[in-house]
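run_3.cif, holding mmCIF, C-alpha atoms:
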data_final
#
loop_
_atom_site.label_atom_id
_atom_site.label_comp_id
_atom_site.auth_asym_id
_atom_site.auth_seq_id
_atom_site.Cartn_x
_atom_site.Cartn_y
_atom_site.Cartn_z
CA MET A 16 0.00 0.00 0.00
CA ASN A 17 1.40 3.40 -0.93
CA PRO A 18 1.98 5.44 2.25
CA ILE A 19 0.83 8.61 0.43
CA ASN A 20 -2.67 7.17 0.20
CA GLN A 21 -2.81 6.34 3.91
CA THR A 22 -4.33 8.79 6.38
CA ARG A 23 -5.51 9.11 9.95
CA VAL A 24 -9.11 10.20 10.26
CA ASP A 25 -11.16 11.94 12.95
CA ASN A 26 -14.40 11.86 10.96
CA PHE A 27 -15.94 9.71 8.28
CA ILE A 28 -18.13 10.83 5.39
CA ILE A 29 -21.25 8.73 4.76
CA LYS A 30 -21.95 8.71 1.02
CA GLY A 31 -25.56 7.68 1.48
CA ILE A 32 -27.94 5.48 -0.49
CA SER A 33 -27.55 7.25 -3.84
CA ASP A 34 -25.00 9.66 -5.31
CA VAL A 35 -27.42 10.91 -7.98
CA GLN A 36 -28.48 14.43 -7.01
CA GLU A 37 -31.83 14.22 -8.81
CA LEU A 38 -32.81 11.18 -6.73
CA GLN A 39 -32.00 12.64 -3.32
CA LEU A 40 -35.53 13.94 -2.60
CA ILE A 41 -37.17 10.72 -3.84
CA VAL A 42 -34.82 8.59 -1.72
CA PHE A 43 -35.46 10.79 1.33
CA LEU A 44 -39.24 10.56 0.98
CA LEU A 45 -39.10 6.80 0.39
CA VAL A 46 -36.86 6.17 3.40
CA LEU A 47 -39.00 8.47 5.57
CA LEU A 48 -42.19 6.67 4.52
CA ILE A 49 -40.68 3.23 5.18
CA TYR A 50 -39.36 4.34 8.56
CA LEU A 51 -42.74 5.78 9.61
CA PHE A 52 -44.48 2.54 8.57
CA THR A 53 -41.87 0.56 10.51
CA LEU A 54 -42.30 2.75 13.57
CA CYS A 55 -46.11 2.66 13.48
CA GLY A 56 -46.35 -1.08 12.78
CA ASN A 57 -43.90 -2.20 15.44
CA MET A 58 -45.08 0.27 18.09
CA THR A 59 -48.67 -0.86 17.48
CA MET A 60 -47.60 -4.49 17.92
CA LEU A 61 -45.67 -3.60 21.09
CA LEU A 62 -48.57 -1.64 22.61
CA LEU A 63 -51.06 -4.39 21.79
CA VAL A 64 -48.92 -7.03 23.50
CA CYS A 65 -48.48 -4.80 26.57
CA CYS A 66 -52.10 -3.68 26.87
CA ASP A 67 -54.15 -6.69 25.78
CA CYS A 68 -54.24 -9.53 28.31
CA GLN A 69 -55.18 -12.02 25.58
CA LEU A 70 -51.71 -11.53 24.11
CA HIS A 71 -49.84 -12.18 27.37
CA THR A 72 -48.43 -15.45 26.07
CA PRO A 73 -44.84 -16.58 25.34
CA MET A 74 -45.18 -16.10 21.59
CA TYR A 75 -46.27 -12.47 21.88
CA PHE A 76 -43.68 -11.79 24.57
CA PHE A 77 -41.06 -12.74 21.98
CA LEU A 78 -42.86 -10.66 19.35
CA ALA A 79 -42.74 -7.60 21.62
CA ASN A 80 -38.97 -7.98 21.91
CA LEU A 81 -38.73 -8.45 18.14
CA SER A 82 -40.60 -5.17 17.66
CA ILE A 83 -38.16 -3.39 19.98
CA ILE A 84 -35.25 -4.76 17.94
CA ASP A 85 -36.83 -3.76 14.62
CA VAL A 86 -37.55 -0.19 15.75
CA SER A 87 -34.08 0.20 17.24
CA SER A 88 -32.31 -1.27 14.21
CA SER A 89 -34.20 0.94 11.75
CA THR A 90 -33.67 4.04 13.89
CA ILE A 91 -29.93 3.52 14.36
CA THR A 92 -29.36 3.09 10.60
CA LEU A 93 -32.02 5.03 8.68
CA HIS A 94 -31.81 8.18 10.79
CA ARG A 95 -28.40 8.90 9.21
CA SER A 96 -29.89 9.01 5.70
CA LEU A 97 -32.71 11.27 6.90
CA THR A 98 -30.50 13.70 8.83
CA ASN A 99 -27.96 13.82 5.98
CA PHE A 100 -30.65 15.13 3.64
CA ILE A 101 -32.13 17.61 6.14
CA PHE A 102 -28.91 19.11 7.47
CA ARG A 103 -26.71 18.52 4.40
CA ASP A 104 -24.00 17.14 6.65
CA LYS A 105 -22.62 13.69 5.82
CA THR A 106 -19.83 13.66 8.40
CA ILE A 107 -19.84 11.32 11.38
CA SER A 108 -17.24 11.09 14.13
CA VAL A 109 -15.18 7.93 14.52
CA PHE A 110 -16.69 7.30 17.97
CA THR A 111 -20.27 7.72 16.71
CA CYS A 112 -19.50 5.50 13.73
CA MET A 113 -18.18 2.71 15.95
CA ALA A 114 -21.13 3.07 18.32
CA GLN A 115 -23.59 2.86 15.41
CA MET A 116 -21.89 -0.24 14.03
CA TYR A 117 -21.79 -1.87 17.47
CA ILE A 118 -25.50 -1.31 18.14
CA PHE A 119 -26.55 -2.44 14.65
CA LEU A 120 -24.49 -5.66 14.72
CA SER A 121 -25.66 -6.41 18.25
CA LEU A 122 -29.33 -5.93 17.31
CA THR A 123 -28.91 -8.16 14.25
CA SER A 124 -27.42 -10.88 16.45
CA ASP A 125 -30.22 -10.40 18.98
CA GLU A 126 -32.82 -10.89 16.25
CA LEU A 127 -31.25 -14.14 15.01
CA LEU A 128 -31.07 -15.53 18.54
CA LEU A 129 -34.60 -14.39 19.35
CA LEU A 130 -35.98 -16.11 16.25
CA THR A 131 -34.21 -19.27 17.41
CA ALA A 132 -35.95 -19.01 20.79
CA MET A 133 -39.26 -18.47 18.98
CA SER A 134 -38.75 -21.65 16.95
CA TYR A 135 -38.36 -23.58 20.21
CA ASP A 136 -41.59 -21.95 21.42
CA ARG A 137 -43.42 -23.09 18.25
CA TYR A 138 -41.95 -26.59 18.58
CA THR A 139 -43.25 -26.87 22.15
CA ALA A 140 -46.69 -25.51 21.20
CA ILE A 141 -47.20 -28.05 18.40
CA CYS A 142 -45.22 -31.11 19.50
CA ASN A 143 -45.83 -30.91 23.23
CA PRO A 144 -49.03 -28.83 23.67
CA LEU A 145 -50.10 -30.37 27.01
CA ARG A 146 -46.91 -29.19 28.72
CA TYR A 147 -46.60 -25.94 26.77
CA HIS A 148 -47.40 -23.53 29.62
CA THR A 149 -45.21 -25.52 32.00
CA VAL A 150 -42.20 -25.65 29.69
CA MET A 151 -42.58 -22.08 28.38
CA SER A 152 -43.13 -20.47 31.75
CA ARG A 153 -42.58 -16.77 32.38
CA ARG A 154 -39.25 -17.53 34.05
CA VAL A 155 -38.05 -19.55 31.06
CA ASN A 156 -39.21 -16.85 28.62
CA ALA A 157 -37.46 -14.12 30.58
CA LEU A 158 -34.28 -16.22 30.76
CA LEU A 159 -34.30 -16.95 27.02
CA VAL A 160 -34.82 -13.29 26.09
CA THR A 161 -32.18 -12.11 28.57
CA VAL A 162 -29.62 -14.56 27.16
CA CYS A 163 -30.44 -13.44 23.60
CA TRP A 164 -29.91 -9.78 24.45
CA LEU A 165 -26.72 -10.36 26.45
CA VAL A 166 -25.05 -12.69 23.94
CA GLY A 167 -25.96 -10.39 21.06
CA PHE A 168 -24.32 -7.36 22.68
CA ILE A 169 -21.29 -9.18 24.12
CA GLN A 170 -20.14 -11.14 21.05
CA VAL A 171 -19.80 -7.99 18.91
CA VAL A 172 -17.36 -6.32 21.33
CA PRO A 173 -14.15 -7.87 19.83
CA ILE A 174 -15.14 -6.65 16.34
CA VAL A 175 -15.67 -3.06 17.47
CA VAL A 176 -12.56 -3.06 19.68
CA SER A 177 -10.49 -4.39 16.79
CA LEU A 178 -11.80 -1.77 14.34
CA SER A 179 -11.44 1.00 16.92
CA GLY A 180 -7.74 0.19 17.18
CA TYR A 181 -7.19 0.85 13.45
CA ASN A 182 -5.73 4.29 12.88
CA CYS A 183 -4.98 4.17 9.18
CA TYR A 184 -7.48 4.39 6.32
CA ILE A 185 -7.17 4.68 2.55
CA SER A 186 -10.01 7.22 2.63
CA ASN A 187 -12.51 8.59 5.12
CA GLU A 188 -15.43 8.22 2.67
CA ILE A 189 -17.71 5.26 3.51
CA ASN A 190 -19.65 3.93 0.54
CA HIS A 191 -22.74 3.14 2.59
CA PHE A 192 -25.69 4.84 4.31
CA PHE A 193 -24.46 3.86 7.79
CA CYS A 194 -21.31 2.51 9.43
CA ASP A 195 -21.20 -1.19 8.59
CA ILE A 196 -18.31 -3.55 9.11
CA THR A 197 -17.61 -4.46 5.46
CA PRO A 198 -17.04 -0.96 4.01
CA LEU A 199 -14.99 0.04 7.05
CA ALA A 200 -12.75 -3.02 6.79
CA LYS A 201 -12.22 -2.35 3.07
CA LEU A 202 -11.10 1.21 3.83
CA SER A 203 -8.55 0.21 6.45
CA CYS A 204 -4.88 -0.05 5.48
CA ASN A 205 -4.10 -1.97 8.70
CA ASP A 206 -3.80 -5.73 8.86
CA VAL A 207 -7.40 -6.98 9.04
CA SER A 208 -6.57 -10.72 9.09
CA PHE A 209 -7.63 -11.12 12.75
CA LEU A 210 -10.84 -9.23 12.09
CA GLU A 211 -11.66 -11.36 9.04
CA LEU A 212 -10.96 -14.56 11.00
CA TYR A 213 -13.15 -13.45 13.90
CA ILE A 214 -15.95 -12.41 11.56
CA PHE A 215 -15.78 -15.83 9.90
CA ILE A 216 -15.90 -17.70 13.23
CA ASN A 217 -18.55 -15.33 14.54
CA GLY A 218 -20.58 -15.85 11.35
CA ILE A 219 -20.58 -19.60 11.96
CA PHE A 220 -21.62 -19.12 15.59
CA LEU A 221 -24.29 -16.48 15.00
CA VAL A 222 -25.58 -17.38 11.53
CA ILE A 223 -25.01 -21.09 10.83
CA PHE A 224 -25.50 -22.24 14.44
CA PRO A 225 -28.76 -20.29 15.04
CA PHE A 226 -29.89 -21.25 11.53
CA SER A 227 -29.50 -24.93 12.43
CA LEU A 228 -31.14 -24.53 15.83
CA THR A 229 -33.99 -22.59 14.21
CA PHE A 230 -34.79 -25.08 11.46
CA ILE A 231 -34.17 -28.37 13.31
CA PRO A 232 -37.35 -27.89 15.41
CA TYR A 233 -39.26 -27.38 12.18
CA ILE A 234 -38.30 -30.89 11.06
CA PHE A 235 -40.09 -32.25 14.12
CA ILE A 236 -42.92 -29.76 13.65
CA ILE A 237 -43.49 -30.94 10.07
CA LEU A 238 -43.40 -34.58 11.16
CA ALA A 239 -45.91 -33.82 13.91
CA ILE A 240 -48.20 -31.97 11.49
CA LEU A 241 -48.10 -34.88 9.02
CA LYS A 242 -49.29 -37.22 11.77
CA ILE A 243 -52.45 -35.16 12.30
CA ARG A 244 -55.28 -37.08 10.65
CA THR A 245 -57.62 -34.23 9.66
CA SER A 246 -56.76 -31.61 7.05
CA THR A 247 -58.31 -28.94 9.30
CA GLY A 248 -56.00 -29.92 12.14
CA ARG A 249 -52.95 -29.91 9.88
CA ARG A 250 -53.89 -26.51 8.48
CA LYS A 251 -54.43 -25.07 11.97
CA ALA A 252 -51.09 -26.43 13.22
CA PHE A 253 -49.19 -25.05 10.24
CA TYR A 254 -50.99 -21.73 10.62
CA THR A 255 -49.57 -21.27 14.13
CA CYS A 256 -45.97 -21.27 12.84
CA SER A 257 -46.31 -19.93 9.27
CA SER A 258 -45.70 -16.30 10.26
CA HIS A 259 -42.55 -17.15 12.18
CA LEU A 260 -41.25 -19.32 9.35
CA THR A 261 -41.89 -16.53 6.82
CA VAL A 262 -39.91 -14.01 8.91
CA ILE A 263 -37.03 -16.48 9.35
CA ILE A 264 -36.72 -17.18 5.62
CA LEU A 265 -36.94 -13.48 4.78
CA LEU A 266 -34.22 -12.49 7.27
CA TYR A 267 -31.77 -15.31 6.55
CA VAL A 268 -32.01 -14.93 2.77
CA THR A 269 -31.26 -11.21 3.15
CA LEU A 270 -28.30 -11.78 5.49
CA ILE A 271 -26.81 -14.50 3.27
CA CYS A 272 -27.02 -12.23 0.24
CA GLN A 273 -25.55 -9.37 2.27
CA TYR A 274 -22.64 -11.05 4.05
CA LEU A 275 -22.05 -14.62 2.85
CA ARG A 276 -21.91 -14.31 -0.93
CA PRO A 277 -18.80 -15.45 -2.88
CA ASN A 278 -16.10 -12.83 -3.48
CA SER A 279 -16.73 -12.98 -7.22
CA MET A 280 -20.23 -11.62 -6.58
CA ASP A 281 -19.12 -9.15 -3.94
CA SER A 282 -19.54 -5.40 -4.36
CA LEU A 283 -20.27 -2.59 -1.93
CA GLU A 284 -23.13 -1.30 -4.09
CA SER A 285 -24.96 -4.62 -4.01
CA LYS A 286 -24.28 -5.00 -0.29
CA LYS A 287 -25.75 -1.53 0.20
CA LEU A 288 -28.99 -2.59 -1.50
CA PHE A 289 -29.29 -5.74 0.62
CA SER A 290 -28.49 -3.68 3.75
CA LEU A 291 -31.28 -1.27 2.81
CA PHE A 292 -33.71 -4.15 2.45
CA ASN A 293 -32.53 -5.66 5.75
CA THR A 294 -32.70 -2.42 7.74
CA ALA A 295 -35.79 -0.90 6.10
CA ALA A 296 -38.05 -3.46 4.43
CA VAL A 297 -37.68 -6.42 6.83
CA PRO A 298 -38.53 -4.43 10.02
CA MET A 299 -41.50 -2.91 8.18
CA LEU A 300 -42.76 -6.31 6.96
CA ASN A 301 -42.40 -8.18 10.27
CA PRO A 302 -45.43 -6.64 12.06
CA LEU A 303 -47.47 -6.89 8.84
CA ILE A 304 -46.69 -10.59 8.50
CA TYR A 305 -47.61 -11.31 12.12
CA SER A 306 -50.73 -9.16 12.10
CA LEU A 307 -52.17 -10.10 8.70
CA LYS A 308 -51.68 -13.83 9.33
CA ASN A 309 -52.68 -13.81 12.98
CA LYS A 310 -56.27 -13.73 14.18
CA ASP A 311 -55.32 -13.00 17.80
CA VAL A 312 -53.51 -9.81 16.80
CA LYS A 313 -56.38 -8.67 14.56
CA PHE A 314 -58.96 -9.31 17.31
CA ALA A 315 -56.79 -7.50 19.86
CA LEU A 316 -56.48 -4.51 17.53
CA LYS A 317 -60.26 -4.43 17.03
CA ARG A 318 -60.83 -4.55 20.79
CA ARG A 319 -58.43 -1.63 21.36
CA LEU A 320 -60.02 0.41 18.57
CA ASN A 321 -63.52 -0.26 19.93
CA LEU A 322 -62.46 0.89 23.37
CA LEU A 323 -60.95 4.06 21.93
CA TRP A 324 -64.09 4.68 19.87
CA LYS A 325 -66.34 4.31 22.96
CA HIS A 326 -64.23 6.81 24.90
#

Whole structure, structure tokens version:
Amino acid sequence: MNPINQTRVDNFIIKGISDVQELQLIVFLLVLLIYLFTLCGNMTMLLLVCCDCQLHTPMYFFLANLSIIDVSSSTITLHRSLTNFIFRDKTISVFTCMAQMYIFLSLTSDELLLLTAMSYDRYTAICNPLRYHTVMSRRVNALLVTVCWLVGFIQVVPIVVSLSGYNCYISNEINHFFCDITPLAKLSCNDVSFLELYIFINGIFLVIFPFSLTFIPYIFIILAILKIRTSTGRRKAFYTCSSHLTVIILLYVTLICQYLRPNSMDSLESKKLFSLFNTAAVPMLNPLIYSLKNKDVKFALKRRLNLLWKH
């Protein structure tokens, strides 16, 4: 690496979603609309779970935590695109950049682990329904969620500490709309071999391992559903886990396309598009998937609206 091209930086410049000046307003309005839908959908889901006693079950306890993750993840990433357009300032301090990356990666890990816990909940509900409330007690639910949150925030620490120790960059311009690990690593002129190795091992632990633990219960769920004699019973059993399965497939496909594609197909522009879908579209779709395919949520929403209308 030519030393002339190496520099120490105090601030980074976030390029944003699009460099085309004519598209800036359209991109801003689109991102703002998606973020408002995400905020409204997830906050509605969270309030329903908190206020409606019919939704005080393990499944909806997990959904409430998923809504918190979705709102937080969208806010920590999309707010940069919105403020960049409003204030015309694309700079971000190194500390703020590292903090943003740490929170985003932690929330992504939390979501993967939480979906794994939800798959165990669905397995218990379908394969062991008589002991469901005993196995999935409030204590167990609280323990599972606490472990998900703690592991998600702890395992990202080495990545952020490693990147924070880098003091040499080819450029301070990040080709992204928020501080993500891939564009930052590509900009560094330090030795990133340890970081790449840790990301690889961490990817196995927090993508492949949860992926396996998430889908293994579904093998037993499918076998249990096939043993149900009536078509109505099979349809009802599958209905109870279809929303969760849809969210899992949507998230994992996005993450694989974003982080685990071959180098020959790798480009920051394509990763930026998948990141946008992961941070904007997926959090917006999650409450829609769970509400549109879930009678309990729709009935709870109707009850809340009727109460508001009477008052």

Output of the PyMOL selection byres ((chain A and resi 317-322) around 12), listed as a list in words: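 Taken on the displayed file, the PyMOL selection byres ((chain A and resi 317-322) around 12) yields the residues Thr59, Met60, Leu62, Leu63, Val64, Cys65, Cys66, Asp67, Cys68, Gln69, Leu70, Ser306, Lys310, Asp311, Val312, Lys313, Phe314, Ala315, Leu316, Leu323, Trp324, Lys325 and His326 of chain A.
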
Cut-off 10 Å around (-21.6, 1.7, 5.7) with all atoms listed in the file: residues as a PyMOL selection string: chain A and resi 28-32+92+112+115-116+188-199+283+286-287+290

Fewer than 3 positions away in the same chain doesn't count, so skip those; otherwise give me all residues within 12 Å of region 33-45 of chain A, counting only C-alpha atoms, as a PDB file with C-alpha atoms, in the coordinates of the input.
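Generated file (selection-v9.pdb):
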ATOM      1  CA  ILE A  29     -21.250   8.730   4.760  1.00  0.00           C
ATOM      2  CA  LYS A  30     -21.950   8.710   1.020  1.00  0.00           C
ATOM      3  CA  LEU A  48     -42.190   6.670   4.520  1.00  0.00           C
ATOM      4  CA  ILE A  49     -40.680   3.230   5.180  1.00  0.00           C
ATOM      5  CA  TYR A  50     -39.360   4.340   8.560  1.00  0.00           C
ATOM      6  CA  LEU A  51     -42.740   5.780   9.610  1.00  0.00           C
ATOM      7  CA  PHE A  52     -44.480   2.540   8.570  1.00  0.00           C
ATOM      8  CA  LEU A  93     -32.020   5.030   8.680  1.00  0.00           C
ATOM      9  CA  HIS A  94     -31.810   8.180  10.790  1.00  0.00           C
ATOM     10  CA  ARG A  95     -28.400   8.900   9.210  1.00  0.00           C
ATOM     11  CA  SER A  96     -29.890   9.010   5.700  1.00  0.00           C
ATOM     12  CA  LEU A  97     -32.710  11.270   6.900  1.00  0.00           C
ATOM     13  CA  THR A  98     -30.500  13.700   8.830  1.00  0.00           C
ATOM     14  CA  ASN A  99     -27.960  13.820   5.980  1.00  0.00           C
ATOM     15  CA  PHE A 100     -30.650  15.130   3.640  1.00  0.00           C
ATOM     16  CA  ILE A 101     -32.130  17.610   6.140  1.00  0.00           C
ATOM     17  CA  ARG A 103     -26.710  18.520   4.400  1.00  0.00           C
ATOM     18  CA  ASN A 190     -19.650   3.930   0.540  1.00  0.00           C
ATOM     19  CA  HIS A 191     -22.740   3.140   2.590  1.00  0.00           C
ATOM     20  CA  PHE A 192     -25.690   4.840   4.310  1.00  0.00           C
ATOM     21  CA  GLU A 284     -23.130  -1.300  -4.090  1.00  0.00           C
ATOM     22  CA  LYS A 287     -25.750  -1.530   0.200  1.00  0.00           C
ATOM     23  CA  LEU A 288     -28.990  -2.590  -1.500  1.00  0.00           C
ATOM     24  CA  LEU A 291     -31.280  -1.270   2.810  1.00  0.00           C
ATOM     25  CA  ALA A 295     -35.790  -0.900   6.100  1.00  0.00           C
ATOM     26  CA  ALA A 296     -38.050  -3.460   4.430  1.00  0.00           C
TER      27      ALA A 296
END

Pick from A:Leu270, A:Ile141, A:Leu78, A:Leu61 nearest to Lys251 (chain A), counting only C-alpha atoms: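 Closest to Lys251 (chain A) of all the choices is A:Ile141.
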
Test item: which residues lie within 12 Å of (-29.2, -15.4, 12.1) counting all atoms listed in the file, as a VMD selection string: chain A and resid 120 to 132 163 167 217 to 230 262 to 271 274 to 275

For CA of Ile83 (chain A) and CA of Val175 (chain A), the interatomic separation in Å (one decimal): 22.6 Å

For Val86 (chain A), please output as a PDB file with C-alpha atoms, keeping the file's coordinate frame all residues within 7 Å (counting all atoms listed in the file; exclusion window: fewer than 6 positions along the same chain).
ATOM      1  CA  THR A  53     -41.870   0.560  10.510  1.00  0.00           C
ATOM      2  CA  LEU A  54     -42.300   2.750  13.570  1.00  0.00           C
ATOM      3  CA  ASN A  57     -43.900  -2.200  15.440  1.00  0.00           C
TER       4      ASN A  57
END

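Atom to atom, CA of Arg249 (chain A) and CA of His148 (chain A) stand 21.5 Å apart.
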
Point-to-point distance in Å for CA of Leu210 (chain A) and CA of Ile174 (chain A):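 Straight-line distance from CA of Ile174 (chain A) to CA of Leu210 (chain A) works out to 6.6 Å.
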
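Distance check against Pro144 (chain A) using all atoms listed in the file: of A:Leu300, A:Ala239, A:Ala114, A:Asn26, the minimum falls on A:Ala239.
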
Which of A:Phe110, A:Phe215, A:Tyr75, A:Phe119 sits closest to Ser87 (chain A) [using only C-alpha atoms]: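 When distances to Ser87 (chain A) are compared using only C-alpha atoms, the smallest one comes from A:Phe119.
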
Using 6 Å of padding on each side, determine the axis-aligned box around all atoms of region 168-175 of chain A present in the file and give its centre and edge lengths in Å to one decimal, as JSON.
{"center_x": -19.2, "center_y": -7.1, "center_z": 20.2, "size_x": 22.2, "size_y": 20.1, "size_z": 19.8}

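Of the residues listed (A:Asn80, A:Leu303, A:Cys142, A:Arg153), A:Cys142 shows the shortest atom-to-atom separation from Ile243 (chain A); distances use all atoms listed in the file.
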
Option closest in space to Ile84 (chain A), from A:Asn301, A:Asn309, A:Thr149, A:Asn187 [counting all atoms listed in the file]: A:Asn301
